[in-house]
file coords-v3.txt (compact mmCIF, C-alpha atoms)
# COMPACT_ATOMS: atom_id res chain seq x y z
CA MET A 1 8.14 17.70 -15.66
CA SER A 2 9.59 17.15 -12.19
CA ILE A 3 9.06 18.31 -8.62
CA PRO A 4 11.23 21.35 -7.72
CA GLU A 5 13.14 19.75 -4.80
CA LEU A 6 14.48 16.98 -7.06
CA SER A 7 14.76 18.74 -10.42
CA GLN A 8 18.57 18.47 -10.49
CA GLU A 9 18.50 14.77 -9.58
CA ILE A 10 15.76 14.00 -12.13
CA ALA A 11 17.69 15.82 -14.87
CA HIS A 12 20.82 13.84 -13.98
CA PHE A 13 18.88 10.57 -14.09
CA GLU A 14 17.33 11.36 -17.47
CA ALA A 15 20.76 12.29 -18.87
CA HIS A 16 22.17 8.94 -17.73
CA ARG A 17 19.12 6.68 -18.06
CA LYS A 18 20.45 4.87 -21.15
CA GLU A 19 23.82 3.94 -19.67
CA LEU A 20 22.20 2.98 -16.34
CA LEU A 21 19.80 0.73 -18.27
CA GLU A 22 22.70 -1.02 -19.95
CA ARG A 23 24.55 -1.47 -16.66
CA SER A 24 21.84 -2.13 -14.05
CA PRO A 25 18.38 -2.64 -15.57
CA GLY A 26 15.58 -2.96 -13.00
CA LYS A 27 17.75 -1.89 -10.08
CA PHE A 28 17.26 1.25 -8.00
CA VAL A 29 19.66 4.16 -8.35
CA LEU A 30 20.36 6.69 -5.59
CA ILE A 31 21.17 10.19 -6.85
CA LYS A 32 22.02 13.32 -4.87
CA GLY A 33 22.54 16.50 -6.86
CA ASP A 34 24.65 15.60 -9.89
CA GLU A 35 26.12 12.53 -8.29
CA CYS A 36 25.04 8.94 -8.78
CA ILE A 37 25.75 7.37 -5.37
CA GLY A 38 25.08 3.76 -6.36
CA THR A 39 22.63 1.14 -7.55
CA TYR A 40 20.72 -1.20 -5.23
CA ASP A 41 18.52 -4.29 -5.46
CA SER A 42 15.60 -2.62 -3.68
CA ASP A 43 14.34 0.88 -2.97
CA GLU A 44 14.58 0.09 0.77
CA ASN A 45 18.34 -0.52 0.43
CA ALA A 46 18.75 2.69 -1.58
CA TYR A 47 16.76 4.59 1.04
CA GLU A 48 18.84 3.26 3.94
CA GLU A 49 22.01 4.43 2.20
CA GLY A 50 20.43 7.79 1.33
CA VAL A 51 19.36 8.49 4.91
CA ARG A 52 22.71 7.36 6.25
CA LEU A 53 24.54 9.78 3.96
CA PHE A 54 22.16 12.73 3.74
CA GLY A 55 19.72 12.46 6.66
CA ASN A 56 16.43 14.25 6.04
CA GLU A 57 17.55 16.01 2.86
CA PRO A 58 15.88 15.38 -0.51
CA PHE A 59 17.50 12.67 -2.62
CA LEU A 60 16.24 10.64 -5.55
CA ILE A 61 15.55 6.91 -5.57
CA GLN A 62 14.56 5.81 -9.05
CA GLN A 63 14.04 2.39 -10.55
CA ILE A 64 16.05 1.99 -13.74
CA LEU A 65 13.49 1.25 -16.44
CA PRO A 66 13.17 2.31 -20.09
CA GLU A 67 10.13 4.42 -19.13
CA ASP A 68 8.63 5.38 -15.80
CA PRO A 69 5.44 3.42 -15.19
CA ILE A 70 2.16 5.29 -14.78
CA GLN A 71 0.69 4.57 -11.36
CA GLU A 72 -2.95 3.50 -11.34
CA MET A 73 -5.34 4.72 -8.65
CA PRO A 74 -8.76 4.30 -10.28
CA ALA A 75 -10.85 4.23 -7.09
CA PHE A 76 -9.17 7.36 -5.71
CA TYR A 77 -9.68 9.42 -8.84
CA ALA A 78 -13.27 8.22 -9.19
CA GLY A 79 -13.93 9.44 -5.64
CA LEU A 80 -14.83 5.95 -4.47
CA THR A 81 -12.26 5.52 -1.72
CA TYR A 82 -14.33 7.49 0.78
CA ALA A 83 -17.81 6.80 -0.61
CA HIS A 84 -19.09 5.23 2.61
CA LEU A 85 -17.12 7.22 5.17
CA MET B 1 -6.41 -21.03 7.65
CA GLN B 2 -4.28 -20.27 10.66
CA GLY B 3 -2.11 -17.21 10.08
CA SER B 4 -4.54 -15.50 7.71
CA PRO B 5 -4.43 -11.73 8.28
CA MET B 6 -8.18 -11.35 7.71
CA PRO B 7 -8.74 -10.51 11.42
CA ILE B 8 -6.92 -7.20 10.88
CA PHE B 9 -10.22 -5.83 9.61
CA GLU B 10 -11.92 -6.77 12.86
CA HIS B 11 -9.01 -5.63 15.00
CA SER B 12 -8.64 -2.14 13.79
CA TYR B 13 -11.86 -0.63 12.61
CA ARG B 14 -14.18 0.98 15.18
CA GLY B 15 -16.99 -1.50 14.75
CA ASP B 16 -19.92 0.50 16.19
CA ILE B 17 -23.15 1.13 14.33
CA ALA B 18 -26.10 3.29 15.38
CA THR B 19 -29.58 1.86 15.97
CA PRO B 20 -32.67 3.85 14.77
CA ASP B 21 -32.96 5.41 18.26
CA GLY B 22 -29.36 6.59 18.09
CA LYS B 23 -27.90 3.99 20.42
CA LYS B 24 -24.47 2.68 19.47
CA VAL B 25 -24.08 -1.07 19.30
CA LYS B 26 -21.27 -3.32 18.19
CA ALA B 27 -21.50 -4.19 14.51
CA PRO B 28 -22.01 -7.86 13.66
CA ARG B 29 -18.94 -9.81 12.61
CA GLY B 30 -17.99 -9.00 9.01
CA PHE B 31 -20.54 -6.17 8.73
CA ILE B 32 -18.01 -3.34 8.55
CA LEU B 33 -15.91 -5.09 5.91
CA GLN B 34 -18.97 -5.86 3.80
CA GLN B 35 -20.62 -2.45 4.15
CA VAL B 36 -17.71 -0.03 4.26
CA GLY B 37 -14.66 -1.83 2.90
CA PRO B 38 -11.27 -3.01 4.07
CA PHE B 39 -10.30 -0.08 6.27
CA LEU B 40 -7.57 -0.20 8.87
CA GLN B 41 -6.63 2.08 11.72
CA VAL B 42 -3.04 3.14 11.05
CA THR B 43 -0.41 5.44 12.47
CA ILE B 44 2.03 7.04 10.07
CA SER B 45 5.42 8.13 11.32
CA GLN B 46 8.88 9.05 10.15
CA THR B 47 10.90 5.93 9.35
CA LYS B 48 13.20 4.36 11.92
CA GLN B 49 16.21 5.44 9.82
CA HIS B 50 14.85 8.98 9.59
CA ILE B 51 14.36 9.18 13.36
CA GLU B 52 17.93 7.94 13.93
CA ALA B 53 19.25 10.57 11.49
CA VAL B 54 17.40 13.52 13.04
CA THR B 55 18.24 12.33 16.57
CA ARG B 56 21.96 12.35 15.67
CA LYS B 57 21.58 15.95 14.52
CA GLY B 58 19.72 16.87 17.72
CA GLU B 59 16.56 17.77 15.79
CA THR B 60 13.05 17.25 17.14
CA ILE B 61 11.13 14.10 16.28
CA VAL B 62 7.62 14.83 15.05
CA SER B 63 4.73 12.89 16.62
CA PRO B 64 3.14 10.20 14.45
CA ILE B 65 -0.25 10.85 12.82
CA SER B 66 -3.20 8.47 13.10
CA GLY B 67 -6.04 7.92 10.69
CA LEU B 68 -7.70 5.40 8.44
CA ALA B 69 -6.12 3.43 5.61
CA LEU B 70 -7.96 1.68 2.83
CA ILE B 71 -6.58 -1.52 1.34
CA ASP B 72 -6.88 -0.59 -2.33
CA THR B 73 -6.07 -3.54 -4.58
CA GLY B 74 -6.79 -1.33 -7.60
CA ALA B 75 -3.95 1.06 -6.72
CA SER B 76 -0.56 0.05 -8.09
CA SER B 77 1.25 2.26 -5.60
CA THR B 78 0.71 3.14 -1.96
CA ALA B 79 -0.44 6.72 -1.53
CA VAL B 80 -0.17 8.88 1.58
CA ASP B 81 -1.99 12.11 2.26
CA GLU B 82 0.23 15.10 1.39
CA SER B 83 -0.70 17.00 4.57
CA VAL B 84 0.62 14.07 6.63
CA CYS B 85 4.00 14.29 4.85
CA LYS B 86 4.16 18.03 5.52
CA LYS B 87 3.28 17.62 9.21
CA LEU B 88 5.95 14.93 9.59
CA GLY B 89 8.54 17.22 7.99
CA LEU B 90 9.58 14.69 5.36
CA SER B 91 11.82 15.33 2.39
CA PRO B 92 11.03 13.74 -0.98
CA THR B 93 12.80 10.56 -2.12
CA GLY B 94 11.37 10.44 -5.62
CA GLN B 95 8.47 11.18 -7.88
CA MET B 96 5.81 9.13 -9.62
CA THR B 97 3.41 9.84 -12.43
CA THR B 98 -0.25 9.04 -11.98
CA ALA B 99 -2.98 9.23 -14.60
CA HIS B 100 -6.60 10.31 -14.26
CA ALA B 101 -9.43 11.53 -16.45
CA GLY B 102 -7.93 15.04 -16.55
CA GLY B 103 -4.53 13.81 -17.77
CA SER B 104 -1.39 12.85 -15.89
CA GLU B 105 0.26 14.36 -12.86
CA VAL B 106 3.73 14.09 -11.33
CA ARG B 107 3.57 13.61 -7.57
CA PRO B 108 6.39 13.64 -4.97
CA CYS B 109 7.12 10.49 -2.97
CA TYR B 110 8.08 10.34 0.70
CA PRO B 111 9.48 7.71 3.05
CA ILE B 112 6.99 6.63 5.71
CA GLN B 113 6.52 3.99 8.37
CA ILE B 114 3.05 2.48 8.76
CA ILE B 115 2.09 1.11 12.16
CA PHE B 116 -1.05 -0.97 12.80
CA PRO B 117 -1.99 -0.14 16.40
CA GLY B 118 -3.79 -2.81 18.40
CA THR B 119 -2.82 -5.59 16.00
CA PRO B 120 0.06 -8.06 15.96
CA LEU B 121 0.99 -6.88 12.45
CA PRO B 122 4.55 -5.58 12.18
CA ALA B 123 5.23 -2.01 11.06
CA VAL B 124 5.78 -1.57 7.33
CA THR B 125 8.18 0.91 5.73
CA SER B 126 7.73 2.42 2.31
CA ALA B 127 10.79 4.23 0.93
CA ARG B 128 8.66 5.95 -1.72
CA ALA B 129 4.98 6.44 -0.91
CA MET B 130 3.29 8.71 -3.42
CA SER B 131 1.68 11.78 -1.87
CA VAL B 132 -1.78 12.88 -2.97
CA ASN B 133 -4.58 14.88 -1.41
CA LEU B 134 -6.62 12.12 0.23
CA GLN B 135 -8.45 14.37 2.65
CA PHE B 136 -10.70 16.28 0.28
CA GLY B 137 -14.24 16.55 1.55
CA LYS B 138 -14.54 15.06 5.01
CA SER B 139 -12.54 11.94 4.32
CA PRO B 140 -10.50 10.75 7.31
CA LEU B 141 -8.23 8.72 5.03
CA VAL B 142 -4.49 9.14 5.47
CA LEU B 143 -3.31 6.20 3.38
CA LEU B 144 -4.19 4.00 0.43
CA PHE B 145 -2.45 0.68 0.92
CA GLY B 146 -1.50 -0.21 -2.68
CA ARG B 147 -0.30 -3.33 -4.44
CA ASP B 148 3.38 -2.38 -4.06
CA LEU B 149 3.22 -2.91 -0.29
CA LEU B 150 0.66 -5.70 -0.50
CA SER B 151 3.10 -7.69 -2.63
CA LYS B 152 5.85 -7.24 -0.04
CA ASN B 153 3.83 -7.83 3.11
CA ALA B 154 4.28 -11.30 4.54
CA ASP B 155 0.88 -11.26 6.23
CA ILE B 156 -0.86 -10.53 2.96
CA GLN B 157 1.21 -13.30 1.38
CA ARG B 158 -0.23 -15.58 4.03
CA LEU B 159 -3.70 -14.41 2.99
CA ARG B 160 -2.88 -15.35 -0.62
CA ARG B 161 -1.81 -18.80 0.52
CA ALA B 162 -4.99 -19.04 2.58
CA ASN B 163 -7.00 -18.05 -0.49
CA ARG B 164 -5.26 -20.73 -2.52
CA ALA B 165 -6.12 -23.24 0.19
CA CYS B 166 -9.74 -22.02 0.09
CA LEU B 167 -9.78 -22.39 -3.70
CA LEU B 168 -8.37 -25.91 -3.46
CA SER B 169 -10.96 -26.78 -0.81
CA ALA B 170 -13.72 -25.34 -2.99
CA VAL B 171 -12.53 -27.37 -6.00
CA VAL B 172 -12.37 -30.55 -3.91
CA LEU B 173 -15.78 -29.81 -2.40
CA GLY B 174 -17.20 -29.05 -5.86
CA LEU B 175 -15.88 -32.34 -7.23
CA ALA B 176 -17.27 -34.18 -4.24
CA ILE B 177 -20.70 -32.61 -4.77
CA ARG B 178 -20.64 -33.46 -8.47
CA VAL B 179 -19.60 -37.04 -7.79
CA ARG B 180 -22.34 -37.31 -5.20
CA ALA B 181 -24.87 -35.75 -7.58
CA ARG B 182 -23.97 -38.25 -10.31
CA SER B 183 -24.19 -41.00 -7.77
CA SER B 184 -27.68 -39.73 -6.78
CA ASP B 185 -28.67 -39.59 -10.49
CA PHE B 186 -27.54 -43.16 -10.83
CA ASP B 187 -29.49 -44.19 -7.73
CA GLY B 188 -32.51 -42.24 -8.98
CA GLY B 189 -32.19 -43.88 -12.38
CA ALA B 190 -31.95 -47.29 -10.83
CA THR B 191 -35.00 -46.51 -8.72
CA GLY B 192 -36.81 -45.22 -11.75
CA LEU B 193 -36.05 -48.39 -13.67
CA GLY B 194 -37.17 -50.48 -10.82
CA SER B 195 -40.52 -48.79 -10.40
call {"tool": "encode", "arguments": {"input": "coords-v3.txt", "output": "structure tokens"}}
result
Amino acid sequence: MSIPELSQEIAHFEAHRKELLERSPGKFVLIKGDECIGTYDSDENAYEEGVRLFGNEPFLIQQILPEDPIQEMPAFYAGLTYAHL
Amino acid sequence: MQGSPMPIFEHSYRGDIATPDGKKVKAPRGFILQQVGPFLQVTISQTKQHIEAVTRKGETIVSPISGLALIDTGASSTAVDESVCKKLGLSPTGQMTTAHAGGSEVRPCYPIQIIFPGTPLPAVTSARAMSVNLQFGKSPLVLLFGRDLLSKNADIQRLRRANRACLLSAVVLGLAIRVRARSSDFDGGATGLGS
């Protein structure tokens, strides 16, 4: 499952995840359309390059990991983040 | 302790409380943090790089949006309200999966700049803040400040160092108290023997 604006980029990443993992594990890859622009040490560096090349267009920054981590937000989903507001 | 970012809580939250007769008075020091939580007044804007890019194209820059942020040490990722991203006209830079009782959900991520008005804290940029609907109900929240940014923020790092210093002080103080207590026991014992 992927968000519509980045479906092409996500599909490209998934198709190349294994080789990216062998080459640059833990780094951040920048993908636009079907093109892998490069790999970077941080998502900030990947973002700077993405904005420089594509401006305010959608592009994918993805950390190269065997599986995408599940993000935890327990307080938010329990409705506790605004309990006292 | 110098350099600890703890005063950000005092700086940024509107620290007024109402008396029983409806009069607003300034909340006592630490009251807001203890009663409500670590909330910050923040302004969310397009990133500096984004503004440069749209300016080059002659496009309009959207005004920043202000609201409250909660420092959420339980959240692994920083989350921004999805309506804020739409108002700022941002394009996605990624996606993240989040899990809840109803299953898992894929959410788009957006690049944002977080400004802390009225504080000396520098602006923070997140290349991939996960967007969720934070404003259900009457919540004025626009941001959950997660561990991803907390781990990168130098001021929070200073807080960690301060906490370590506190811990060390507490250990030293604890040892001192124990030594003193044993010394008192000894004195007491000596007195007891003597009586």
call {"tool": "closest_residue", "arguments": {"input": "coords-v3.txt", "among": "A:Glu22, A:Ala15, A:Pro58, A:Ile64", "to": "Ser42 in chain A", "atoms": "only C-alpha atoms"}}
result
A:Ile64
call {"tool": "residues_around", "arguments": {"input": "coords-v3.txt", "residues": "range 64-70 of chain B", "least_positions_apart": "2", "cutoff": "8 Å", "atoms": "all atoms listed in the file", "output": "list in words"}}
result
Thr81 of chain A; Gly37, Pro38, Phe39, Leu40, Gln41, Val42, Thr43, Ile44, Ser45, Gln46, Val62, Asp72, Val84, Leu88, Pro140, Leu141, Val142, Leu143, Leu144 and Phe145 of chain B
call {"tool": "closest_atom_pairs", "arguments": {"input": "coords-v3.txt", "of": "chain A", "to": "chain B", "cutoff": "9 Å", "atoms": "only C-alpha atoms", "output": "Markdown table"}}
result
| residue | atom | partner | partner_atom | distance |
| --- | --- | --- | --- | --- |
| A:Met1 | CA | B:Val106 | CA | 7.2 |
| A:Ser2 | CA | B:Val106 | CA | 6.7 |
| A:Ile3 | CA | B:Pro108 | CA | 6.5 |
| A:Glu5 | CA | B:Pro92 | CA | 7.4 |
| A:Leu6 | CA | B:Gly94 | CA | 7.4 |
| A:Ile10 | CA | B:Gly94 | CA | 8.6 |
| A:Asp43 | CA | B:Ala127 | CA | 6.2 |
| A:Glu44 | CA | B:Ala127 | CA | 5.6 |
| A:Asn45 | CA | B:Ala127 | CA | 8.9 |
| A:Ala46 | CA | B:Ala127 | CA | 8.5 |
| A:Tyr47 | CA | B:Ala127 | CA | 6.0 |
| A:Glu48 | CA | B:Gln49 | CA | 6.8 |
| A:Gly50 | CA | B:Thr93 | CA | 8.8 |
| A:Val51 | CA | B:His50 | CA | 6.5 |
| A:Arg52 | CA | B:Ala53 | CA | 7.1 |
| A:Phe54 | CA | B:Ala53 | CA | 8.6 |
| A:Gly55 | CA | B:Ala53 | CA | 5.2 |
| A:Asn56 | CA | B:Ser91 | CA | 6.0 |
| A:Glu57 | CA | B:Ser91 | CA | 5.8 |
| A:Pro58 | CA | B:Ser91 | CA | 5.0 |
| A:Phe59 | CA | B:Thr93 | CA | 5.2 |
| A:Leu60 | CA | B:Thr93 | CA | 4.9 |
| A:Ile61 | CA | B:Gly94 | CA | 5.5 |
| A:Gln62 | CA | B:Gly94 | CA | 6.6 |
| A:Asp68 | CA | B:Thr97 | CA | 7.6 |
| A:Pro69 | CA | B:Thr97 | CA | 7.3 |
| A:Ile70 | CA | B:Thr98 | CA | 5.3 |
| A:Gln71 | CA | B:Thr98 | CA | 4.6 |
| A:Glu72 | CA | B:Ser76 | CA | 5.3 |
| A:Met73 | CA | B:Ala75 | CA | 4.4 |
| A:Pro74 | CA | B:Gly74 | CA | 6.5 |
| A:Ala75 | CA | B:Gly74 | CA | 6.9 |
| A:Phe76 | CA | B:Leu134 | CA | 8.0 |
| A:Tyr77 | CA | B:His100 | CA | 6.3 |
| A:Ala78 | CA | B:His100 | CA | 8.6 |
| A:Thr81 | CA | B:Leu70 | CA | 7.3 |
| A:Tyr82 | CA | B:Ser139 | CA | 6.0 |
| A:Ala83 | CA | B:Val36 | CA | 8.4 |
| A:His84 | CA | B:Val36 | CA | 5.7 |
| A:Leu85 | CA | B:Ser139 | CA | 6.6 |
call {"tool": "atom_distance", "arguments": {"input": "coords-v3.txt", "atom1": "CA of Gln63 in chain A", "atom2": "CA of Lys32 in chain A"}}
result
14.7 Å
call {"tool": "atom_distance", "arguments": {"input": "coords-v3.txt", "atom1": "CA of Ala129 in chain B", "atom2": "CA of Phe116 in chain B"}}
result
16.7 Å
call {"tool": "axis_aligned_box", "arguments": {"input": "coords-v3.txt", "around": "range 92-102 of chain B", "padding_each_side": "6 Å", "output": "JSON"}}
result
{"center_x": 1.7, "center_y": 12.0, "center_z": -8.8, "size_x": 34.2, "size_y": 18.0, "size_z": 27.6}
call {"tool": "residues_around", "arguments": {"input": "coords-v3.txt", "residues": "Leu20 in chain A", "least_positions_apart": "6", "cutoff": "10 Å", "atoms": "only C-alpha atoms", "output": "PyMOL selection string"}}
result
chain A and resi 13-14+26-29+39+64-66
call {"tool": "decode", "arguments": {"input": "coords-v3.txt", "residues": "range 75-91 of chain B", "atoms": "C-alpha atoms", "output": "PDB file, in the first residue's frame"}}
result
ATOM      1  CA  ALA B  75       6.199   8.918  19.618  1.00  0.00           C
ATOM      2  CA  SER B  76       9.024   7.520  17.509  1.00  0.00           C
ATOM      3  CA  SER B  77       8.352  10.011  14.726  1.00  0.00           C
ATOM      4  CA  THR B  78       7.350  13.663  14.634  1.00  0.00           C
ATOM      5  CA  ALA B  79       3.791  14.122  13.419  1.00  0.00           C
ATOM      6  CA  VAL B  80       2.248  17.236  11.909  1.00  0.00           C
ATOM      7  CA  ASP B  81      -1.428  17.944  11.434  1.00  0.00           C
ATOM      8  CA  GLU B  82      -2.508  17.082   7.873  1.00  0.00           C
ATOM      9  CA  SER B  83      -4.561  20.275   7.482  1.00  0.00           C
ATOM     10  CA  VAL B  84      -1.401  22.317   8.166  1.00  0.00           C
ATOM     11  CA  CYS B  85       0.421  20.513   5.332  1.00  0.00           C
ATOM     12  CA  LYS B  86      -2.480  21.207   2.962  1.00  0.00           C
ATOM     13  CA  LYS B  87      -2.640  24.900   3.909  1.00  0.00           C
ATOM     14  CA  LEU B  88       1.116  25.251   3.373  1.00  0.00           C
ATOM     15  CA  GLY B  89       0.805  23.645  -0.067  1.00  0.00           C
ATOM     16  CA  LEU B  90       3.439  20.997   0.615  1.00  0.00           C
ATOM     17  CA  SER B  91       4.238  18.012  -1.569  1.00  0.00           C
TER      18      SER B  91
END
